[in-house]
Amino acid sequence: MKKILSLMALAMIFGALAPQALYAGKKDKKQQTDATPKKTWKWEMPSKMTGIKDFDHYLLQCDSLNTRLVSYMDSVTFYSVRVINVQQKDGSVVTRRCVVDEEGTIRGTGEALLQYVNMTMTGTEILADMAAITAETAVATASLTEDPLIAFSHGKYLKAGPKLVAEGGKTIKALLKRMNEQKKEIRQYKKDYSESGEAKDPTIDPAKIDSNYSNNEPITKTSEEYEKELAAAHEKDKTIVVPEEGDVNLDLD
């Protein structure tokens, strides 16, 4: 009898998952023709645990991984190298180029490059843990044969692992590629400019230098704003040590 119940549990698990996979495929084809927006998948922890050790462990692993993913994505600051028109007190304008954040606030090159290192290290760790959860999914699936009723009510959570691996993996890799592009641009900036935003070689055609950067839309600041933000960025960079080029590398191809 126990064997029959186990077989029934497996049938319910795969019966619940297989139609979803088939429906997803049909839905994707339909979306190509009617432009219906695709619903974003979102992890939600069940209201209570099942009491099945391996399955509950799987749920906790998925929840922990999801929390880390959300925290990781929320922690990033995007930097760019922008032209700054500094308005002097006498009415004249001096042009500088600096590293700024998304709000246009001047930031230090050390701070930006250290974020690249930290995001790369953390991102690769999460990617490794996402790969490991694939094995957890198989164990969790087998564990549900212990209780057919729980298999019926909680079988849907088995898709959490594969979803986290697929969606989370794509998101992290896309972010790390952008981080890598920023890193290259900021290292180029360090070759072209001083930390105060002045060209190291004023004889070079500015248009030629501009071609090294992705965003040449200028920002306007008063001399007071410029000096205050620059001083804060320099002060913070004094406490930062950035690993040498090549110490941290990630092949995303």
# chains A, B, ... in the order shown; residues from 1 in each chain; ligands from 1
>>> residues_around(residues="Ala199 of chain A", least_positions_apart="6", cutoff="10 Å", atoms="only C-alpha atoms", output="PyMOL selection string")
chain A and resi 95-97+189-193+206+209
>>> select_by_dssp(residues="segment 24-252 of chain A", states="helix (DSSP H, G or I)", output="VMD selection string")
chain A and resid 24 to 34 53 to 74 109 to 146 148 to 192 206 to 210 223 to 237
>>> closest_residue(among="A:Lys183, A:Lys42, A:His57, A:Arg107", to="Glu195 of chain A", atoms="only C-alpha atoms")
A:Arg107
>>> atom_distance(atom1="atom CA of Leu65 of chain A", atom2="atom CA of Ile240 of chain A")
29.0 Å
>>> residues_around(residues="segment 115-125 of chain A", least_positions_apart="5", cutoff="10 Å", atoms="only C-alpha atoms", output="count of residues only")
30
>>> decode(residues="segment 97-166 of chain A", atoms="C-alpha atoms", output="mmCIF file, in the first residue's frame")
data_model
loop_
_atom_site.group_PDB
_atom_site.id
_atom_site.type_symbol
_atom_site.label_atom_id
_atom_site.label_comp_id
_atom_site.auth_asym_id
_atom_site.auth_seq_id
_atom_site.Cartn_x
_atom_site.Cartn_y
_atom_site.Cartn_z
ATOM 1 C CA ARG A 97 35.346 64.949 -16.307
ATOM 2 C CA CYS A 98 34.664 62.784 -13.257
ATOM 3 C CA VAL A 99 33.246 59.460 -12.146
ATOM 4 C CA VAL A 100 29.686 59.977 -10.906
ATOM 5 C CA ASP A 101 26.877 57.792 -9.575
ATOM 6 C CA GLU A 102 23.292 57.550 -10.842
ATOM 7 C CA GLU A 103 22.385 60.794 -9.055
ATOM 8 C CA GLY A 104 25.254 62.651 -10.720
ATOM 9 C CA THR A 105 27.258 62.882 -7.481
ATOM 10 C CA ILE A 106 31.038 62.717 -7.885
ATOM 11 C CA ARG A 107 32.519 59.445 -6.619
ATOM 12 C CA GLY A 108 36.063 58.151 -6.340
ATOM 13 C CA THR A 109 37.599 55.760 -8.848
ATOM 14 C CA GLY A 110 38.733 53.513 -6.000
ATOM 15 C CA GLU A 111 35.208 53.220 -4.662
ATOM 16 C CA ALA A 112 33.843 52.328 -8.097
ATOM 17 C CA LEU A 113 36.564 49.789 -8.867
ATOM 18 C CA LEU A 114 36.268 48.136 -5.457
ATOM 19 C CA GLN A 115 32.554 47.643 -6.064
ATOM 20 C CA TYR A 116 33.444 45.783 -9.280
ATOM 21 C CA VAL A 117 35.684 43.445 -7.273
ATOM 22 C CA ASN A 118 33.086 42.858 -4.553
ATOM 23 C CA MET A 119 30.178 42.396 -6.965
ATOM 24 C CA THR A 120 32.225 39.940 -9.035
ATOM 25 C CA MET A 121 33.218 37.850 -6.025
ATOM 26 C CA THR A 122 29.715 37.804 -4.533
ATOM 27 C CA GLY A 123 28.081 37.180 -7.907
ATOM 28 C CA THR A 124 30.268 34.168 -8.665
ATOM 29 C CA GLU A 125 29.519 32.742 -5.205
ATOM 30 C CA ILE A 126 25.770 33.047 -5.777
ATOM 31 C CA LEU A 127 26.085 31.491 -9.251
ATOM 32 C CA ALA A 128 27.904 28.520 -7.714
ATOM 33 C CA ASP A 129 25.204 28.098 -5.070
ATOM 34 C CA MET A 130 22.492 28.292 -7.726
ATOM 35 C CA ALA A 131 24.178 25.482 -9.619
ATOM 36 C CA ALA A 132 24.239 23.413 -6.412
ATOM 37 C CA ILE A 133 20.509 23.852 -5.837
ATOM 38 C CA THR A 134 19.800 21.805 -8.966
ATOM 39 C CA ALA A 135 20.836 18.680 -7.039
ATOM 40 C CA GLU A 136 18.697 19.830 -4.106
ATOM 41 C CA THR A 137 15.670 19.887 -6.429
ATOM 42 C CA ALA A 138 16.082 16.207 -7.277
ATOM 43 C CA VAL A 139 16.368 15.234 -3.605
ATOM 44 C CA ALA A 140 13.339 17.358 -2.691
ATOM 45 C CA THR A 141 11.294 15.754 -5.461
ATOM 46 C CA ALA A 142 12.045 12.250 -4.203
ATOM 47 C CA SER A 143 11.286 13.250 -0.605
ATOM 48 C CA LEU A 144 7.686 14.170 -1.428
ATOM 49 C CA THR A 145 6.841 10.489 -1.947
ATOM 50 C CA GLU A 146 6.712 10.270 1.851
ATOM 51 C CA ASP A 147 3.362 12.072 1.929
ATOM 52 C CA PRO A 148 1.016 12.160 -1.112
ATOM 53 C CA LEU A 149 -1.102 14.994 0.330
ATOM 54 C CA ILE A 150 1.929 17.234 0.833
ATOM 55 C CA ALA A 151 3.127 16.266 -2.627
ATOM 56 C CA PHE A 152 -0.160 17.549 -4.008
ATOM 57 C CA SER A 153 -0.138 20.830 -2.036
ATOM 58 C CA HIS A 154 3.580 21.648 -2.194
ATOM 59 C CA GLY A 155 4.698 20.111 -5.482
ATOM 60 C CA LYS A 156 4.505 23.526 -7.150
ATOM 61 C CA TYR A 157 7.456 24.727 -5.057
ATOM 62 C CA LEU A 158 9.751 22.314 -6.873
ATOM 63 C CA LYS A 159 9.964 24.802 -9.740
ATOM 64 C CA ALA A 160 11.539 27.401 -7.427
ATOM 65 C CA GLY A 161 15.061 25.976 -7.750
ATOM 66 C CA PRO A 162 15.097 25.814 -11.566
ATOM 67 C CA LYS A 163 13.491 29.279 -11.765
ATOM 68 C CA LEU A 164 16.081 30.783 -9.442
ATOM 69 C CA VAL A 165 18.864 29.189 -11.471
ATOM 70 C CA ALA A 166 17.451 30.387 -14.801
#
